[in-house]
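What's in start_33.pdb: PDB, C-alpha atoms
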```pdb
ATOM      1  CA  ALA A  38      53.536 -91.448  61.210
ATOM      2  CA  GLY A  39      55.423 -88.776  59.351
ATOM      3  CA  GLN A  40      56.147 -85.309  60.643
ATOM      4  CA  GLY A  41      52.878 -83.857  61.962
ATOM      5  CA  ARG A  42      50.851 -86.389  59.935
ATOM      6  CA  LEU A  43      48.092 -88.608  61.359
ATOM      7  CA  VAL A  44      47.569 -92.027  59.800
ATOM      8  CA  HIS A  45      45.128 -94.798  60.734
ATOM      9  CA  ALA A  46      46.723 -98.227  61.101
ATOM     10  CA  ALA A  47      44.367-100.829  62.538
ATOM     11  CA  LYS A  48      46.916-103.657  62.437
ATOM     12  CA  ALA A  49      50.256-101.878  62.829
ATOM     13  CA  GLN A  50      52.679-102.634  65.656
ATOM     14  CA  VAL A  51      54.977 -99.630  66.018
ATOM     15  CA  VAL A  52      57.051-100.186  69.179
ATOM     16  CA  GLN A  53      57.766-103.541  70.816
ATOM     17  CA  ALA A  54      60.538-104.959  72.977
ATOM     18  CA  THR A  55      60.782-108.675  73.717
ATOM     19  CA  LEU A  56      62.601-109.993  76.781
ATOM     20  CA  PRO A  57      64.202-113.453  76.961
ATOM     21  CA  GLY A  58      61.482-116.013  77.486
ATOM     22  CA  ALA A  59      59.409-114.454  74.665
ATOM     23  CA  ILE A  60      57.948-111.787  76.984
ATOM     24  CA  PRO A  61      56.515-108.941  74.858
ATOM     25  CA  ILE A  62      56.232-105.300  75.902
ATOM     26  CA  PHE A  63      54.487-103.094  73.358
ATOM     27  CA  LEU A  64      52.665 -99.810  72.841
ATOM     28  CA  ASN A  65      49.212 -99.431  71.369
ATOM     29  CA  GLY A  66      46.917 -96.530  70.494
ATOM     30  CA  ALA A  67      43.701 -98.315  71.319
ATOM     31  CA  ASN A  68      41.222 -98.906  68.506
ATOM     32  CA  SER A  69      38.645-100.253  70.969
ATOM     33  CA  VAL A  70      37.638 -99.534  74.531
ATOM     34  CA  SER A  71      37.255-103.210  75.493
ATOM     35  CA  ASP A  72      37.999-106.759  74.380
ATOM     36  CA  VAL A  73      34.426-107.229  73.155
ATOM     37  CA  SER A  74      34.542-104.398  70.598
ATOM     38  CA  ARG A  75      36.316-104.685  67.277
ATOM     39  CA  PRO A  76      39.009-104.685  66.059
ATOM     40  CA  GLY A  77      40.386-105.360  69.548
ATOM     41  CA  TYR A  78      41.664-103.734  72.711
ATOM     42  CA  TRP A  79      45.303-104.565  71.912
ATOM     43  CA  MET A  80      45.186-104.515  68.113
ATOM     44  CA  GLY A  81      46.774-101.774  66.053
ATOM     45  CA  ASN A  82      46.542 -98.032  66.487
ATOM     46  CA  TRP A  83      43.575 -95.708  66.079
ATOM     47  CA  GLU A  84      46.117 -93.229  64.737
ATOM     48  CA  LEU A  85      49.830 -93.916  64.447
ATOM     49  CA  PRO A  86      52.276 -92.124  66.726
ATOM     50  CA  ARG A  87      55.282 -90.291  65.386
ATOM     51  CA  ALA A  88      57.981 -92.760  66.340
ATOM     52  CA  PHE A  89      61.782 -92.688  66.591
ATOM     53  CA  GLN A  90      64.451 -95.192  67.555
ATOM     54  CA  VAL A  91      67.991 -94.237  68.522
ATOM     55  CA  GLY A  92      70.053 -97.193  69.666
ATOM     56  CA  ASP A  93      68.361 -98.753  72.686
ATOM     57  CA  LEU A  94      65.726 -96.001  73.043
ATOM     58  CA  ALA A  95      62.347 -95.741  71.279
ATOM     59  CA  ILE A  96      60.111 -92.665  71.458
ATOM     60  CA  ALA A  97      56.443 -92.643  70.426
ATOM     61  CA  ILE A  98      54.461 -89.386  70.333
ATOM     62  CA  TYR A  99      50.676 -89.829  70.187
ATOM     63  CA  ARG A 100      48.363 -87.016  69.084
ATOM     64  CA  HIS A 101      44.914 -88.594  68.626
ATOM     65  CA  ARG A 102      42.238 -86.310  67.191
ATOM     66  CA  ASP A 103      39.449 -88.184  68.986
ATOM     67  CA  PRO A 104      39.175 -86.788  72.556
ATOM     68  CA  LEU A 105      38.076 -90.236  73.785
ATOM     69  CA  ALA A 106      41.102 -92.036  72.327
ATOM     70  CA  PHE A 107      43.973 -93.192  74.518
ATOM     71  CA  SER A 108      47.258 -95.090  74.354
ATOM     72  CA  HIS A 109      48.521 -97.872  76.595
ATOM     73  CA  CYS A 110      51.382-100.307  77.079
ATOM     74  CA  PHE A 111      51.266-104.061  77.552
ATOM     75  CA  PHE A 112      53.761-104.627  80.384
ATOM     76  CA  PRO A 113      53.388-108.143  81.853
ATOM     77  CA  ALA A 114      55.017-107.551  85.229
ATOM     78  CA  PRO A 115      54.028-110.979  86.691
ATOM     79  CA  TRP A 116      56.050-112.710  83.970
ATOM     80  CA  MET A 117      59.292-110.892  84.877
ATOM     81  CA  GLU A 118      61.836-111.920  87.492
ATOM     82  CA  SER A 119      62.904-108.332  88.329
ATOM     83  CA  LEU A 120      60.866-105.137  88.724
ATOM     84  CA  GLY A 121      61.787-101.617  89.759
ATOM     85  CA  GLU A 122      61.029 -97.905  89.408
ATOM     86  CA  ARG A 123      63.312 -94.905  89.004
ATOM     87  CA  ASN A 124      62.912 -91.326  87.752
ATOM     88  CA  GLY A 125      59.343 -92.079  86.682
ATOM     89  CA  TRP A 126      60.297 -95.221  84.723
ATOM     90  CA  ILE A 127      58.833 -98.689  85.333
ATOM     91  CA  ALA A 128      61.463-101.329  84.562
ATOM     92  CA  GLY A 129      61.500-105.087  84.349
ATOM     93  CA  GLY A 130      64.009-107.787  83.623
ATOM     94  CA  ASN A 131      64.133-111.452  82.750
ATOM     95  CA  ALA A 132      67.065-113.799  82.092
ATOM     96  CA  GLY A 133      69.562-110.978  81.623
ATOM     97  CA  GLY A 134      67.383-108.762  79.432
ATOM     98  CA  TYR A 135      65.930-105.459  80.666
ATOM     99  CA  VAL A 136      63.245-103.013  79.557
ATOM    100  CA  ALA A 137      61.945 -99.725  80.965
ATOM    101  CA  VAL A 138      58.840 -97.709  80.040
ATOM    102  CA  TYR A 139      58.041 -94.055  80.721
ATOM    103  CA  SER A 140      54.724 -92.312  80.073
ATOM    104  CA  GLN A 141      54.536 -88.512  80.037
ATOM    105  CA  SER A 142      51.035 -88.601  81.527
ATOM    106  CA  GLY A 143      52.146 -90.817  84.405
ATOM    107  CA  THR A 144      53.527 -94.331  84.563
ATOM    108  CA  GLY A 145      51.685 -96.819  86.732
ATOM    109  CA  LEU A 146      50.533-100.389  86.352
ATOM    110  CA  ARG A 147      46.817-101.056  86.390
ATOM    111  CA  THR A 148      45.795-102.248  89.858
ATOM    112  CA  ALA A 149      42.327-103.631  89.101
ATOM    113  CA  GLY A 150      40.411-105.351  86.348
ATOM    114  CA  LEU A 151      41.277-107.917  83.719
ATOM    115  CA  TYR A 152      44.751-106.497  82.992
ATOM    116  CA  ARG A 153      45.792-105.845  86.597
ATOM    117  CA  GLY A 154      49.612-105.880  86.671
ATOM    118  CA  PHE A 155      49.825-106.170  82.874
ATOM    119  CA  GLU A 156      48.868-102.714  81.578
ATOM    120  CA  ILE A 157      50.094 -99.122  81.800
ATOM    121  CA  VAL A 158      47.334 -96.741  80.663
ATOM    122  CA  SER A 159      47.564 -93.155  79.421
ATOM    123  CA  GLN A 160      44.158 -91.523  79.617
ATOM    124  CA  GLY A 161      43.675 -88.802  77.023
ATOM    125  CA  PRO A 162      44.469 -88.392  73.344
ATOM    126  CA  ALA A 163      47.989 -86.931  73.676
ATOM    127  CA  ASN A 164      50.962 -88.647  75.262
ATOM    128  CA  ILE A 165      54.665 -89.374  74.801
ATOM    129  CA  TRP A 166      56.018 -92.848  75.551
ATOM    130  CA  LEU A 167      59.642 -93.875  76.011
ATOM    131  CA  VAL A 168      60.846 -97.485  75.839
ATOM    132  CA  LYS A 169      64.466 -98.322  76.684
ATOM    133  CA  ILE A 170      66.134-101.738  76.538
ATOM    134  CA  GLY A 171      69.369-103.181  77.880
ATOM    135  CA  GLY A 172      71.159-106.393  78.709
ATOM    136  CA  LYS A 173      73.860-107.954  80.866
ATOM    137  CA  ARG A 174      76.615-107.137  78.386
ATOM    138  CA  LYS A 175      76.255-103.420  79.177
ATOM    139  CA  TYR A 176      74.545-103.669  82.589
ATOM    140  CA  PRO A 177      75.840-106.646  84.619
ATOM    141  CA  ALA A 178      72.862-106.479  86.987
ATOM    142  CA  PHE A 179      69.284-105.223  86.780
ATOM    143  CA  GLY A 180      70.134-102.587  89.386
ATOM    144  CA  ASP A 181      72.815-101.157  87.086
ATOM    145  CA  PHE A 182      70.250-100.750  84.300
ATOM    146  CA  LEU A 183      67.799 -99.143  86.710
ATOM    147  CA  ALA A 184      70.410 -96.699  88.032
ATOM    148  CA  ALA A 185      71.297 -95.573  84.486
ATOM    149  CA  LEU A 186      67.749 -94.569  83.493
ATOM    150  CA  PRO A 187      67.755 -90.831  82.665
ATOM    151  CA  LYS A 188      65.196 -88.249  83.714
ATOM    152  CA  PRO A 189      63.284 -87.044  80.628
ATOM    153  CA  GLU A 190      62.503 -83.361  80.104
ATOM    154  CA  PHE A 191      59.139 -82.721  78.426
ATOM    155  CA  GLU A 192      57.846 -79.689  76.574
ATOM    156  CA  GLU A 193      54.580 -78.955  74.765
ATOM    157  CA  ASN A 194      55.259 -81.087  71.675
ATOM    158  CA  GLY A 195      58.338 -83.110  72.491
ATOM    159  CA  VAL A 196      60.849 -84.600  74.877
ATOM    160  CA  THR A 197      64.582 -84.535  75.533
ATOM    161  CA  VAL A 198      66.241 -87.583  77.058
ATOM    162  CA  GLY A 199      69.934 -88.435  77.205
ATOM    163  CA  GLY A 200      70.976 -85.906  74.550
ATOM    164  CA  ILE A 201      68.144 -86.946  72.201
ATOM    165  CA  ARG A 202      65.289 -84.573  71.386
ATOM    166  CA  ALA A 203      62.160 -85.693  69.532
ATOM    167  CA  SER A 204      58.988 -83.747  68.794
ATOM    168  CA  TRP A 205      55.692 -84.063  66.937
ATOM    169  CA  ASP A 206      56.553 -81.483  64.280
ATOM    170  CA  GLY A 207      60.325 -81.051  64.276
ATOM    171  CA  PRO A 208      63.439 -83.005  63.305
ATOM    172  CA  LEU A 209      65.106 -85.572  65.517
ATOM    173  CA  VAL A 210      68.041 -83.878  67.280
ATOM    174  CA  ILE A 211      70.997 -85.820  68.691
ATOM    175  CA  ASP A 212      73.609 -83.965  70.754
ATOM    176  CA  GLY A 213      72.385 -80.676  69.323
ATOM    177  CA  LYS A 214      72.550 -81.794  65.679
ATOM    178  CA  PRO A 215      69.321 -82.149  63.621
ATOM    179  CA  GLN A 216      69.150 -85.496  61.854
ATOM    180  CA  PRO A 217      67.922 -85.712  58.253
ATOM    181  CA  ALA A 218      64.792 -87.825  57.919
ATOM    182  CA  PRO A 219      63.982 -89.334  54.508
ATOM    183  CA  ASP A 220      60.336 -88.930  53.543
ATOM    184  CA  PHE A 221      59.472 -92.617  53.321
ATOM    185  CA  GLY A 222      56.330 -93.736  51.556
ATOM    186  CA  LEU A 223      53.545 -95.727  53.173
ATOM    187  CA  ILE A 224      55.231 -98.898  51.864
ATOM    188  CA  GLU A 225      58.766 -98.665  50.526
ATOM    189  CA  ASN A 226      61.131-101.566  49.958
ATOM    190  CA  ASP A 227      62.857-103.296  47.044
ATOM    191  CA  TRP A 228      59.666-105.042  45.937
ATOM    192  CA  VAL A 229      56.617-103.018  47.002
ATOM    193  CA  LYS A 230      55.920 -99.265  46.953
ATOM    194  CA  SER A 231      52.917 -97.109  47.851
ATOM    195  CA  GLU A 232      52.575 -93.454  48.811
ATOM    196  CA  TYR A 233      50.455 -91.932  51.605
ATOM    197  CA  GLY A 234      46.988 -91.032  50.351
ATOM    198  CA  ASN A 235      47.475 -93.085  47.183
ATOM    199  CA  GLU A 236      45.354 -96.200  46.652
ATOM    200  CA  LEU A 237      47.896 -97.667  44.214
ATOM    201  CA  ILE A 238      50.355-100.378  45.298
ATOM    202  CA  THR A 239      53.168-101.230  42.883
ATOM    203  CA  VAL A 240      54.779-104.667  43.155
ATOM    204  CA  ARG A 241      57.968-105.670  41.335
ATOM    205  CA  THR A 242      58.549-109.389  40.871
ATOM    206  CA  PRO A 243      61.967-111.117  40.998
ATOM    207  CA  GLU A 244      61.620-111.652  37.243
ATOM    208  CA  GLY A 245      61.461-107.882  36.700
ATOM    209  CA  SER A 246      57.804-107.483  35.798
ATOM    210  CA  THR A 247      55.528-104.951  37.533
ATOM    211  CA  LEU A 248      52.101-105.490  39.037
ATOM    212  CA  ARG A 249      49.854-102.543  39.975
ATOM    213  CA  ILE A 250      47.108-103.050  42.536
ATOM    214  CA  GLY A 251      44.399-100.486  43.192
ATOM    215  CA  ARG A 252      43.976 -97.217  41.365
TER     216      ARG A 252
END
```
Mind converting the file's structure to structure tokens?
Amino acid sequence: AGQGRLVHAAKAQVVQATLPGAIPIFLNGANSVSDVSRPGYWMGNWELPRAFQVGDLAIAIYRHRDPLAFSHCFFPAPWMESLGERNGWIAGGNAGGYVAVYSQSGTGLRTAGLYRGFEIVSQGPANIWLVKIGGKRKYPAFGDFLAALPKPEFEENGVTVGGIRASWDGPLVIDGKPQPAPDFGLIENDWVKSEYGNELITVRTPEGSTLRIGR
């Protein structure tokens, strides 16, 4: 989502890391409270987070308007060969790839129910998630990755971690320097464009013609 802007996205996947062995770790702002309600417990986001990525670190700031909404992380601990905790992070590794997750509201794996050992839950509509990745090239052992995990510092609307500051309504700041953020449209690439709040999608074909969908 853009700066201070809430957007529904039932089928969007905003932050995901994948360990060797095709092991996915991803964030989700739940659209449903269970697997039996649509569109699905793990599908999309009720409202998109404001998300940033700087190198090997992703930050997702959720600000749901619905007081019953929540965010959670699929973290399949039983599929990983290494697990550990440090400075509030839960970390896992497999085949030389590492990932760590931090939740502002508290980071703990579910201990009961269908997703026992596979889910980190943040109860409540507001939360900040951090996801950090690494590998053997930089961290020869899982313990080296674990030891390097920084302690985040949270404030009302943002977080500072390792010289990076992100917030719900301010610019991304790296080493004290605000970073310019282009105001991207809802869809913006060489072939398709659409603006937020606009029901018109413009498609340009390789032959150079233009197709307009919607109104």
Contacts of Trp166 in chain A within 7 Å, all atoms listed in the file, excl. fewer than 2 positions in-chain, as number ranges by chain: A: 96-98, 139-141, 164, 168
To verify the selection step, state as a PyMOL selection string which residues the PyMOL selection byres ((chain A and resi 213) around 12) yields on this input. chain A and resi 197+199-203+208-212+214-216
Which residue, A:Leu248, A:Leu85, A:Ala49, A:Ile165, has the smallest gap to Arg102 in chain A when you use all atoms listed in the file?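 The closest residue to Arg102 in chain A is A:Leu85.
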Which residues are close to Pro243 in chain A, i.e. within 12 Å by all atoms listed in the file, leaving aside same-chain residues fewer than 2 positions away? Reply as a list of chain:residue names.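 Listed by chain and then number, they are A:Asp227, A:Trp228, A:Val229, A:Val240, A:Arg241, A:Gly245, A:Ser246, A:Thr247, A:Leu248.
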Test item: the PyMOL selection byres ((chain A and resi 142) around 12) resolved as an mmCIF file with C-alpha atoms, in the coordinates of the input:
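After the write, selection39.cif holds the following:
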```cif
data_model
loop_
_atom_site.group_PDB
_atom_site.id
_atom_site.type_symbol
_atom_site.label_atom_id
_atom_site.label_comp_id
_atom_site.auth_asym_id
_atom_site.auth_seq_id
_atom_site.Cartn_x
_atom_site.Cartn_y
_atom_site.Cartn_z
ATOM 1 C CA ILE A 98 54.461 -89.386 70.333
ATOM 2 C CA TYR A 99 50.676 -89.829 70.187
ATOM 3 C CA PHE A 107 43.973 -93.192 74.518
ATOM 4 C CA SER A 108 47.258 -95.090 74.354
ATOM 5 C CA HIS A 109 48.521 -97.872 76.595
ATOM 6 C CA GLY A 125 59.343 -92.079 86.682
ATOM 7 C CA TRP A 126 60.297 -95.221 84.723
ATOM 8 C CA TYR A 139 58.041 -94.055 80.721
ATOM 9 C CA SER A 140 54.724 -92.312 80.073
ATOM 10 C CA GLN A 141 54.536 -88.512 80.037
ATOM 11 C CA GLY A 143 52.146 -90.817 84.405
ATOM 12 C CA THR A 144 53.527 -94.331 84.563
ATOM 13 C CA GLY A 145 51.685 -96.819 86.732
ATOM 14 C CA ILE A 157 50.094 -99.122 81.800
ATOM 15 C CA VAL A 158 47.334 -96.741 80.663
ATOM 16 C CA SER A 159 47.564 -93.155 79.421
ATOM 17 C CA GLN A 160 44.158 -91.523 79.617
ATOM 18 C CA GLY A 161 43.675 -88.802 77.023
ATOM 19 C CA PRO A 162 44.469 -88.392 73.344
ATOM 20 C CA ALA A 163 47.989 -86.931 73.676
ATOM 21 C CA ASN A 164 50.962 -88.647 75.262
ATOM 22 C CA ILE A 165 54.665 -89.374 74.801
ATOM 23 C CA TRP A 166 56.018 -92.848 75.551
ATOM 24 C CA LEU A 167 59.642 -93.875 76.011
ATOM 25 C CA PHE A 191 59.139 -82.721 78.426
#
```
Kindly provide the residues of range 178-245 of chain A that approach range 129-136 of chain A to within 8 Å, each paired with its closest atom pair and their distance in Å to one decimal, based on only C-alpha atoms, listed by chain and increasing number, as JSON lines.
```
{"residue": "A:Ala178", "atom": "CA", "partner": "A:Gly133", "partner_atom": "CA", "distance": 7.7}
{"residue": "A:Phe179", "atom": "CA", "partner": "A:Gly130", "partner_atom": "CA", "distance": 6.7}
{"residue": "A:Phe182", "atom": "CA", "partner": "A:Tyr135", "partner_atom": "CA", "distance": 7.4}
```
Take the PyMOL selection byres ((chain A and resi 114) around 10), apply it to the structure above, and return the hits as a tab-separated table (two decimals) with C-alpha atoms, keeping the file's coordinate frame.
```
chain	number	residue	atom	x	y	z
A	60	ILE	CA	57.95	-111.79	76.98
A	62	ILE	CA	56.23	-105.30	75.90
A	111	PHE	CA	51.27	-104.06	77.55
A	112	PHE	CA	53.76	-104.63	80.38
A	113	PRO	CA	53.39	-108.14	81.85
A	115	PRO	CA	54.03	-110.98	86.69
A	116	TRP	CA	56.05	-112.71	83.97
A	117	MET	CA	59.29	-110.89	84.88
A	118	GLU	CA	61.84	-111.92	87.49
A	119	SER	CA	62.90	-108.33	88.33
A	120	LEU	CA	60.87	-105.14	88.72
A	127	ILE	CA	58.83	-98.69	85.33
A	128	ALA	CA	61.46	-101.33	84.56
A	129	GLY	CA	61.50	-105.09	84.35
A	130	GLY	CA	64.01	-107.79	83.62
A	146	LEU	CA	50.53	-100.39	86.35
A	153	ARG	CA	45.79	-105.84	86.60
A	154	GLY	CA	49.61	-105.88	86.67
A	155	PHE	CA	49.82	-106.17	82.87
A	156	GLU	CA	48.87	-102.71	81.58
```
Between A:Leu186, A:Ala54, A:Ile250, A:Cys110, single out the one closest to Ala67 in chain A, counting only C-alpha atoms.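 Among the listed residues, A:Cys110 lies closest to Ala67 in chain A.
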Have a look at CA of Ile170 in chain A and CA of Gln53 in chain A and let me know their distance in Å, one decimal.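 Separation between CA of Ile170 in chain A and CA of Gln53 in chain A: 10.3 Å.
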Find the distance between CA of Tyr152 in chain A and CA of Gly66 in chain A and write it in Å to one decimal. 16.1 Å
At what distance in Å, to one decimal, does CA of Ala185 in chain A lie from CA of Gly92 in chain A? 15.0 Å
For each of A:Lys173, A:Arg87, A:Lys230, A:Arg249, take the minimum atom-to-atom distance to Pro57 in chain A, counting all atoms listed in the file, then give the residue where this is smallest. A:Lys173
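Minimum atom-to-atom distances from A:Leu237, A:Val51, A:Gly195, A:Asp220 to Gly251 in chain A were compared using only C-alpha atoms, and the lowest value belongs to A:Leu237.
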Counting all atoms listed in the file, closest pick from A:Phe221, A:Gly77, A:Asn82, A:Lys169 relative to Gln50 in chain A is A:Asn82
